[in-house]
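Shown here: target.txt, compact mmCIF, C-alpha atoms and all ligand atoms.
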# COMPACT_ATOMS: atom_id res chain seq x y z
CA MET A 1 -15.78 37.41 -18.49
CA ALA A 2 -13.06 35.45 -16.72
CA LYS A 3 -10.39 37.62 -15.16
CA TYR A 4 -7.04 36.43 -13.85
CA LYS A 5 -4.26 38.11 -11.99
CA ILE A 6 -0.97 36.97 -13.48
CA GLY A 7 2.34 37.72 -11.78
CA LEU A 8 5.11 38.20 -14.33
CA LEU A 9 8.70 37.34 -13.56
CA PRO A 10 10.69 38.16 -16.71
CA GLY A 11 14.01 37.55 -14.91
CA ASP A 12 17.39 37.72 -16.59
CA GLY A 13 19.03 37.62 -20.00
CA THR A 14 16.59 36.68 -22.73
CA GLY A 15 13.86 35.91 -20.17
CA PRO A 16 12.05 39.23 -20.69
CA GLU A 17 12.11 38.84 -24.49
CA VAL A 18 10.55 35.39 -24.52
CA LEU A 19 8.04 36.35 -21.85
CA ASP A 20 6.86 39.29 -23.98
CA GLU A 21 6.15 36.93 -26.87
CA GLY A 22 4.37 34.50 -24.56
CA LEU A 23 2.22 37.36 -23.32
CA LYS A 24 1.52 38.51 -26.85
CA VAL A 25 0.19 35.07 -27.73
CA MET A 26 -1.76 34.75 -24.49
CA GLY A 27 -3.23 38.16 -25.21
CA ALA A 28 -4.45 36.96 -28.60
CA ALA A 29 -6.04 33.91 -26.99
CA ALA A 30 -7.57 36.04 -24.26
CA ALA A 31 -9.18 38.37 -26.79
CA LYS A 32 -10.68 35.43 -28.61
CA PHE A 33 -12.02 33.61 -25.57
CA SER A 34 -13.21 36.58 -23.49
CA ILE A 35 -10.51 36.35 -20.87
CA THR A 36 -8.86 39.34 -19.26
CA PHE A 37 -5.53 39.42 -17.52
CA ASP A 38 -4.51 41.78 -14.82
CA THR A 39 -0.71 41.55 -14.91
CA GLU A 40 1.84 42.68 -12.40
CA ARG A 41 5.51 42.74 -13.39
CA TYR A 42 8.23 41.94 -10.85
CA ASP A 43 11.86 42.76 -11.65
CA PHE A 44 13.47 40.03 -9.55
CA GLY A 45 16.71 38.82 -11.07
CA GLY A 46 20.38 39.54 -11.51
CA GLU A 47 20.07 43.21 -12.46
CA ARG A 48 18.01 44.11 -9.44
CA TYR A 49 20.31 42.08 -7.21
CA LYS A 50 23.38 43.90 -8.55
CA ARG A 51 21.69 47.27 -8.10
CA THR A 52 20.13 46.79 -4.69
CA GLY A 53 21.68 43.68 -3.14
CA GLU A 54 18.20 42.30 -2.75
CA ILE A 55 17.28 38.93 -4.24
CA LEU A 56 13.63 38.51 -3.31
CA PRO A 57 12.11 40.81 -0.70
CA ASP A 58 10.11 38.98 1.97
CA SER A 59 6.99 40.88 0.97
CA ALA A 60 7.23 39.39 -2.55
CA ILE A 61 6.10 35.92 -1.55
CA GLY A 62 2.90 37.28 -0.03
CA GLU A 63 2.22 39.32 -3.16
CA LEU A 64 2.90 36.42 -5.52
CA ALA A 65 0.64 34.25 -3.40
CA ARG A 66 -2.28 36.53 -4.26
CA CYS A 67 -1.96 35.94 -8.01
CA ASP A 68 -3.92 33.31 -9.91
CA ALA A 69 -0.74 32.13 -11.64
CA LEU A 70 2.86 33.17 -12.24
CA TYR A 71 4.66 33.34 -15.55
CA LEU A 72 8.46 33.27 -15.54
CA GLY A 73 11.00 34.03 -18.28
CA ALA A 74 14.38 32.82 -17.02
CA ILE A 75 16.63 33.15 -14.00
CA GLY A 76 20.46 33.29 -14.16
CA HIS A 77 22.90 36.17 -14.64
CA PRO A 78 26.53 35.88 -15.82
CA ASP A 79 27.78 38.37 -13.17
CA VAL A 80 26.12 36.58 -10.27
CA ALA A 81 27.63 33.40 -8.83
CA PRO A 82 25.66 30.30 -9.81
CA GLY A 83 23.13 29.25 -7.20
CA ILE A 84 22.39 32.65 -5.68
CA LEU A 85 19.53 33.63 -7.97
CA GLU A 86 18.42 30.06 -8.67
CA LYS A 87 18.07 29.32 -4.96
CA GLY A 88 17.01 32.81 -3.92
CA ILE A 89 14.28 33.25 -6.52
CA LEU A 90 13.27 30.11 -8.38
CA LEU A 91 13.66 27.54 -5.62
CA ARG A 92 12.39 29.93 -2.94
CA ILE A 93 9.17 30.55 -4.86
CA ARG A 94 8.74 26.83 -5.52
CA PHE A 95 9.22 26.03 -1.82
CA GLU A 96 7.36 28.90 -0.21
CA LEU A 97 4.35 28.63 -2.49
CA ASP A 98 4.52 24.86 -1.98
CA GLN A 99 4.62 24.14 -5.69
CA TYR A 100 5.30 20.50 -4.99
CA ILE A 101 4.81 19.25 -8.53
CA ASN A 102 6.97 20.01 -11.52
CA LEU A 103 4.99 18.97 -14.55
CA ARG A 104 7.07 18.52 -17.67
CA PRO A 105 5.45 17.23 -20.85
CA VAL A 106 7.83 15.57 -23.29
CA LYS A 107 5.98 15.84 -26.57
CA LEU A 108 7.53 15.81 -30.00
CA TYR A 109 5.45 17.89 -32.39
CA PRO A 110 5.32 17.18 -36.12
CA HIS A 111 8.08 18.89 -38.11
CA VAL A 112 10.35 19.08 -35.07
CA GLU A 113 13.57 17.17 -35.32
CA THR A 114 14.49 14.70 -32.59
CA PRO A 115 17.99 13.27 -32.23
CA LEU A 116 16.41 9.83 -31.78
CA LYS A 117 16.71 7.84 -34.97
CA GLY A 118 13.49 6.25 -36.15
CA LYS A 119 11.30 7.99 -33.57
CA GLY A 120 8.57 10.53 -34.26
CA PRO A 121 5.57 12.19 -32.65
CA ASP A 122 3.83 8.83 -32.19
CA GLU A 123 6.70 7.54 -30.09
CA ILE A 124 7.63 10.64 -28.11
CA ASP A 125 4.67 11.77 -26.06
CA PHE A 126 4.85 11.34 -22.31
CA VAL A 127 4.79 13.47 -19.19
CA VAL A 128 7.19 13.62 -16.27
CA VAL A 129 5.76 14.43 -12.86
CA ARG A 130 8.79 15.55 -10.87
CA GLU A 131 8.46 16.00 -7.12
CA ASN A 132 9.44 19.63 -6.70
CA SER A 133 9.73 20.52 -3.05
CA ALA A 134 11.90 18.02 -1.23
CA GLY A 135 14.47 15.25 -1.72
CA LEU A 136 18.01 16.42 -2.35
CA TYR A 137 16.77 20.00 -2.81
CA THR A 138 15.92 20.62 0.86
CA GLY A 139 19.43 21.83 1.71
CA VAL A 140 19.60 19.42 4.64
CA GLY A 141 23.24 18.58 5.22
CA GLY A 142 26.43 20.46 5.82
CA VAL A 143 30.14 20.76 5.41
CA GLN A 144 32.82 20.38 8.00
CA ARG A 145 36.58 20.92 7.93
CA MET A 146 36.11 22.76 4.67
CA GLY A 147 39.21 23.18 2.56
CA THR A 148 41.14 20.49 4.38
CA PRO A 149 41.87 16.99 3.09
CA TYR A 150 39.43 15.81 5.78
CA GLU A 151 36.50 17.81 4.49
CA VAL A 152 33.14 16.14 5.01
CA ALA A 153 30.21 17.11 2.78
CA ILE A 154 26.73 15.76 3.36
CA GLN A 155 23.64 16.43 1.26
CA ASN A 156 20.62 14.48 2.40
CA MET A 157 17.77 13.17 0.32
CA VAL A 158 14.82 13.91 2.57
CA TYR A 159 11.28 12.68 2.02
CA THR A 160 8.30 12.39 4.30
CA ARG A 161 5.51 9.95 3.59
CA ASN A 162 3.17 12.86 3.07
CA GLU A 163 5.43 14.49 0.47
CA VAL A 164 5.66 11.23 -1.41
CA ASP A 165 1.94 10.52 -1.16
CA ARG A 166 0.78 13.91 -2.38
CA CYS A 167 3.10 13.72 -5.39
CA LEU A 168 1.98 10.19 -6.22
CA ARG A 169 -1.67 11.18 -5.89
CA TYR A 170 -1.20 14.04 -8.34
CA ALA A 171 0.60 11.69 -10.74
CA TYR A 172 -2.14 9.05 -10.56
CA GLU A 173 -4.88 11.58 -11.04
CA TYR A 174 -3.00 13.16 -13.93
CA THR A 175 -2.51 9.78 -15.59
CA ARG A 176 -6.22 9.05 -15.27
CA LYS A 177 -7.21 12.46 -16.64
CA ARG A 178 -4.74 12.17 -19.52
CA ASN A 179 -6.35 8.82 -20.34
CA LYS A 180 -3.78 7.84 -22.93
CA ARG A 181 -2.23 4.55 -21.91
CA ASN A 182 -3.29 4.77 -18.28
CA THR A 183 0.16 3.73 -17.20
CA LEU A 184 2.19 5.34 -14.45
CA THR A 185 5.88 4.49 -14.18
CA LEU A 186 7.74 5.13 -10.95
CA SER A 187 11.35 5.97 -11.70
CA GLY A 188 13.59 5.32 -8.69
CA LYS A 189 16.68 3.58 -7.50
CA THR A 190 15.40 0.92 -5.15
CA ASN A 191 18.54 -1.17 -5.58
CA VAL A 192 20.78 1.44 -3.91
CA LEU A 193 18.74 4.27 -2.37
CA THR A 194 16.78 1.70 -0.42
CA TYR A 195 15.39 4.02 2.25
CA VAL A 196 14.01 6.81 0.10
CA TYR A 197 12.99 4.81 -2.95
CA GLY A 198 11.80 1.97 -0.73
CA LEU A 199 9.32 4.48 0.67
CA TRP A 200 8.36 5.67 -2.81
CA GLU A 201 7.87 2.13 -4.04
CA ARG A 202 5.70 1.02 -1.12
CA ALA A 203 3.61 4.18 -1.27
CA PHE A 204 3.29 3.85 -5.05
CA HIS A 205 1.83 0.34 -4.90
CA GLU A 206 -0.30 0.91 -1.83
CA MET A 207 -1.98 3.96 -3.32
CA GLY A 208 -2.29 2.39 -6.74
CA LYS A 209 -3.94 -0.74 -5.40
CA ALA A 210 -6.29 1.09 -3.06
CA GLU A 211 -7.30 4.11 -5.11
CA PHE A 212 -6.26 3.73 -8.74
CA PRO A 213 -6.87 0.12 -9.77
CA ASP A 214 -7.57 1.37 -13.33
CA ILE A 215 -4.01 2.70 -13.67
CA LYS A 216 -1.31 0.25 -14.68
CA ARG A 217 1.80 0.46 -12.49
CA GLU A 218 5.34 0.10 -13.75
CA TYR A 219 8.70 0.59 -12.13
CA ALA A 220 12.07 1.47 -13.68
CA HIS A 221 15.36 2.38 -12.04
CA VAL A 222 16.37 5.90 -13.01
CA ASP A 223 19.42 4.78 -14.97
CA ALA A 224 17.29 2.35 -16.94
CA THR A 225 14.72 5.14 -17.40
CA THR A 226 17.27 7.24 -19.28
CA MET A 227 18.08 4.24 -21.43
CA TRP A 228 14.43 3.59 -22.31
CA MET A 229 13.79 7.28 -22.93
CA VAL A 230 16.32 7.05 -25.74
CA LYS A 231 15.68 3.52 -26.93
CA ASN A 232 11.91 3.10 -26.46
CA PRO A 233 10.30 6.40 -25.42
CA GLU A 234 6.94 5.01 -26.59
CA TRP A 235 6.90 2.82 -23.49
CA PHE A 236 6.17 5.82 -21.30
CA ASP A 237 2.86 7.50 -20.60
CA VAL A 238 3.43 9.28 -17.28
CA ILE A 239 6.62 9.01 -15.22
CA VAL A 240 6.67 10.01 -11.56
CA THR A 241 9.94 10.53 -9.74
CA GLY A 242 11.79 12.42 -7.01
CA ASN A 243 13.19 15.90 -7.35
CA MET A 244 16.78 15.21 -8.38
CA PHE A 245 16.03 12.38 -10.80
CA GLY A 246 13.22 14.47 -12.25
CA ASP A 247 15.59 17.37 -12.82
CA ILE A 248 18.01 15.15 -14.71
CA ILE A 249 15.61 13.12 -16.82
CA THR A 250 13.62 16.17 -17.90
CA ASP A 251 16.69 17.72 -19.53
CA LEU A 252 17.03 14.50 -21.48
CA GLY A 253 13.31 14.71 -22.18
CA ALA A 254 13.71 18.26 -23.47
CA MET A 255 16.40 17.09 -25.88
CA ILE A 256 14.34 14.30 -27.39
CA GLN A 257 11.37 16.63 -27.92
CA GLY A 258 13.47 19.09 -29.89
CA GLY A 259 15.57 20.93 -27.31
CA MET A 260 15.40 23.83 -24.91
CA GLY A 261 13.74 25.95 -27.57
CA ILE A 262 10.47 24.13 -27.03
CA ALA A 263 10.43 22.51 -23.57
CA ALA A 264 8.13 24.04 -20.96
CA GLY A 265 7.08 23.13 -17.47
CA GLY A 266 4.77 24.05 -14.65
CA ASN A 267 5.60 24.33 -10.95
CA ILE A 268 2.28 23.34 -9.54
CA ASN A 269 0.55 23.71 -6.25
CA PRO A 270 -2.74 21.97 -7.01
CA LYS A 271 -4.51 24.03 -4.35
CA GLY A 272 -2.51 27.22 -4.59
CA VAL A 273 -0.53 29.41 -6.96
CA SER A 274 1.39 27.73 -9.76
CA MET A 275 4.25 29.07 -11.86
CA PHE A 276 4.92 28.29 -15.51
CA GLU A 277 8.27 28.60 -17.24
CA PRO A 278 10.34 27.58 -20.23
CA ILE A 279 12.80 24.93 -19.02
CA GLY A 280 15.82 26.53 -20.67
CA GLY A 281 18.04 29.15 -19.10
CA SER A 282 18.51 32.87 -19.61
CA ALA A 283 20.97 32.57 -22.56
CA PRO A 284 22.57 35.94 -21.64
CA LYS A 285 24.81 36.14 -24.68
CA TYR A 286 21.77 36.50 -26.93
CA THR A 287 20.10 39.22 -24.85
CA GLY A 288 18.47 41.93 -26.93
CA MET A 289 19.39 40.34 -30.27
CA ASN A 290 15.87 39.21 -31.15
CA VAL A 291 17.15 35.73 -32.02
CA ILE A 292 16.04 33.60 -29.08
CA ASN A 293 13.29 31.08 -29.70
CA PRO A 294 10.18 32.07 -27.73
CA LEU A 295 8.31 28.80 -28.39
CA ALA A 296 9.12 27.22 -25.02
CA CYS A 297 7.77 30.26 -23.22
CA ILE A 298 4.70 30.31 -25.46
CA PHE A 299 4.09 26.67 -24.53
CA ALA A 300 4.50 27.61 -20.86
CA GLY A 301 1.72 30.15 -21.41
CA GLN A 302 -0.39 27.43 -22.95
CA MET A 303 0.15 25.27 -19.85
CA LEU A 304 -0.74 28.22 -17.64
CA LEU A 305 -4.07 28.73 -19.39
CA ASP A 306 -4.80 25.03 -19.32
CA HIS A 307 -4.09 24.98 -15.60
CA LEU A 308 -6.51 27.87 -15.05
CA GLY A 309 -9.17 25.79 -16.77
CA GLU A 310 -9.07 27.86 -19.98
CA THR A 311 -8.74 24.74 -22.08
CA ALA A 312 -10.07 26.21 -25.33
CA ALA A 313 -7.64 29.12 -25.18
CA ALA A 314 -4.80 26.72 -24.37
CA ALA A 315 -5.77 24.44 -27.26
CA ALA A 316 -5.79 27.39 -29.65
CA ILE A 317 -2.26 28.31 -28.64
CA GLU A 318 -1.09 24.74 -29.10
CA GLN A 319 -2.71 24.57 -32.53
CA ALA A 320 -1.15 27.88 -33.59
CA CYS A 321 2.27 26.58 -32.51
CA ILE A 322 1.71 23.37 -34.45
CA ASP A 323 0.82 25.46 -37.50
CA PHE A 324 3.92 27.57 -37.05
CA LEU A 325 6.11 24.48 -36.87
CA ALA A 326 4.46 23.20 -40.05
CA SER A 327 4.93 26.52 -41.86
CA GLY A 328 8.56 25.83 -42.71
CA LEU A 329 9.49 29.37 -41.67
CA ILE A 330 12.21 27.98 -39.45
CA THR A 331 14.30 24.89 -40.17
CA GLY A 332 15.03 24.11 -36.53
CA LEU A 333 14.52 25.37 -33.01
CA SER A 334 18.05 26.35 -31.99
CA THR A 335 19.27 29.92 -31.79
CA SER A 336 21.57 29.42 -34.75
CA GLU A 337 18.68 28.11 -36.82
CA ILE A 338 16.49 31.05 -35.84
CA LYS A 339 19.36 33.37 -36.79
CA ALA A 340 19.69 31.64 -40.15
CA SER A 341 15.96 31.96 -40.84
CA SER A 342 13.91 34.99 -41.78
CA MET A 343 12.27 34.80 -38.36
CA THR A 344 13.04 36.64 -35.13
CA THR A 345 11.88 36.33 -31.55
CA THR A 346 9.22 38.99 -32.06
CA GLY A 347 8.40 37.70 -35.55
CA ILE A 348 7.59 34.24 -34.19
CA GLY A 349 5.43 35.77 -31.46
CA ASP A 350 3.59 37.90 -34.03
CA TRP A 351 3.01 34.94 -36.34
CA ILE A 352 1.61 32.71 -33.61
CA ALA A 353 -0.52 35.47 -32.09
CA ASN A 354 -2.02 36.23 -35.53
CA ARG A 355 -2.66 32.58 -36.08
CA VAL A 356 -4.46 32.29 -32.76
CA ALA A 357 -6.66 35.20 -33.79
CA GLN A 358 -7.48 33.54 -37.14
CA LEU A 359 -8.27 30.07 -35.80
C1 LIG B 1 15.19 23.28 -13.43
C2 LIG B 1 16.51 23.93 -13.12
C3 LIG B 1 16.56 24.27 -11.65
C4 LIG B 1 16.42 22.98 -10.86
C5 LIG B 1 17.79 25.06 -11.21
C6 LIG B 1 17.97 26.30 -12.05
C7 LIG B 1 17.78 25.41 -9.75
O1 LIG B 1 17.56 23.12 -13.49
O2 LIG B 1 14.16 23.95 -13.29
O3 LIG B 1 15.17 22.13 -13.85
O4 LIG B 1 17.43 22.32 -10.58
O5 LIG B 1 15.30 22.63 -10.53
MN MN B 2 16.96 21.31 -14.50

Since I need it in another form, could you write the structure as structure tokens?
Amino acid sequence: MAKYKIGLLPGDGTGPEVLDEGLKVMGAAAAKFSITFDTERYDFGGERYKRTGEILPDSAIGELARCDALYLGAIGHPDVAPGILEKGILLRIRFELDQYINLRPVKLYPHVETPLKGKGPDEIDFVVVRENSAGLYTGVGGVQRMGTPYEVAIQNMVYTRNEVDRCLRYAYEYTRKRNKRNTLTLSGKTNVLTYVYGLWERAFHEMGKAEFPDIKREYAHVDATTMWMVKNPEWFDVIVTGNMFGDIITDLGAMIQGGMGIAAGGNINPKGVSMFEPIGGSAPKYTGMNVINPLACIFAGQMLLDHLGETAAAAAIEQACIDFLASGLITGLSTSEIKASSMTTTGIGDWIANRVAQL
């Protein structure tokens, strides 16, 4: 019997509610596929910070590093200034556990509405591999003469060859394993950010030529990437890009796959501990109302199981979600549509967990 230690980070706002539903569904899959979870719950987030002044104790990183995977609800509290919890919890875990890949599938499931006219599940099915540990997120830079008309603010986009190479290697290997169109697109900005994206472009072609001749290489500037994502999303199979561009284009990706109610991602350290999360925020105004859509978090659980190699359990969760979307029990994925339906956060979790058990 496979046994995994899962670190739970419910976080703020509606994070704990969606995580509970994700766990409910994972529990159903675990029962079916002889998996056991040993879970440990950590209360890092806005409430703890307000109570104790502590964001993430130093000992936490070491503890999280001993888990097989981490499962996160949402980070962000209305009473805490933006950036404190995001940097102090989410980004710190990503950096310190060296989760250098942010894997974000953009997949439109049947019966989910996309704002893109004339596009459906056949056209919207690609994956973004976002570099997740460097670039503009390193905090390298500074401010001088703050508050004066002569203020200088510098935020550097920092990449080493190694950081670029390891991200590209993951993206190539992922593209090969996915085996869909065997096409990897580098999204950059080689016409302006010549140093950083010059490095990415050279590394991209060198590695592709030498190690992945079976993978077709394409390049698109990031601005053009957003245009094609809307106009011809079917052109993409796997996109690889730097941290900041990846952050931006994956919100667009989330929208074309049906919104924040369904988009999930994984912060991956291929040789270490990875963390899975719904992409959306903590939606504090809906806390405790049982109206938030747990699907994104359920999909994050599916990615977690897949990452652990529990592919059958992951596939069962995906199928149960597909069946739920086809059931017509909800007319859309937004909070207002959940409110207008007969479904609730816990009701959706129950339905999908039961379905997993029946499959
Ligand atoms: C994301 C989020 C984070 C990021 C924030 C909350 C720090 O937007 O996961 O995409 O910028 O990476
Ligand atoms: Mn983001």

Near-ligand residues for ligand LIG 1 (chain B), threshold 7 Å, only C-alpha atoms and all ligand atoms, as a list in words: Glu86, Lys87, Leu90, Leu91, Asp247 and Ile279 of chain A

Neighbour list for A:Gly259 as a PyMOL selection string, cut-off 9 Å, only C-alpha atoms, skip fewer than 3 positions in-chain: chain A and resi 114+251-256+262-263+280+333-334

Contacts of A:Gly266 within 6 Å, all atoms listed in the file, excl. fewer than 3 positions in-chain, as an MDAnalysis selection string: chainID A and resid 102:103 275:276

Non-local contacts of A:Asp43 (9 Å; all atoms listed in the file; under 2 positions in same chain excluded) as JSON, numbers by chain: {"A": [8, 9, 10, 11, 12, 41, 45, 47, 48]}

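Shortest separation to ligand MN 2 (chain B) among A:Arg130, A:His307, A:Arg166, A:Lys32 occurs at residue A:Arg130, atoms counted being only C-alpha atoms and all ligand atoms.
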
A:Ile215 environment, 9 Å, only C-alpha atoms, sequence neighbours closer than 6 positions dropped, as a count of residues only: 9

Residues near A:Gly53, cut-off 12 Å, all atoms listed in the file, skip fewer than 3 positions along chain, as a list in words: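 Here the qualifying residues turn out to be Phe44, Gly45, Gly46, Glu47, Arg48, Tyr49, Lys50, Leu56, Pro57, Val80, Ile84, Leu85 and Gly88 of chain A.
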
Separation of atom CA of A:Glu17 from atom CA of A:Tyr71, in Å and rounded to one decimal: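 Between atom CA of A:Glu17 and atom CA of A:Tyr71 the gap works out to 12.9 Å.
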
Shortest interatomic distance to ligand MN 2 (chain B) - which of A:Thr225, A:Thr250, A:Thr190, A:Asn132, counting only C-alpha atoms and all ligand atoms: A:Thr250
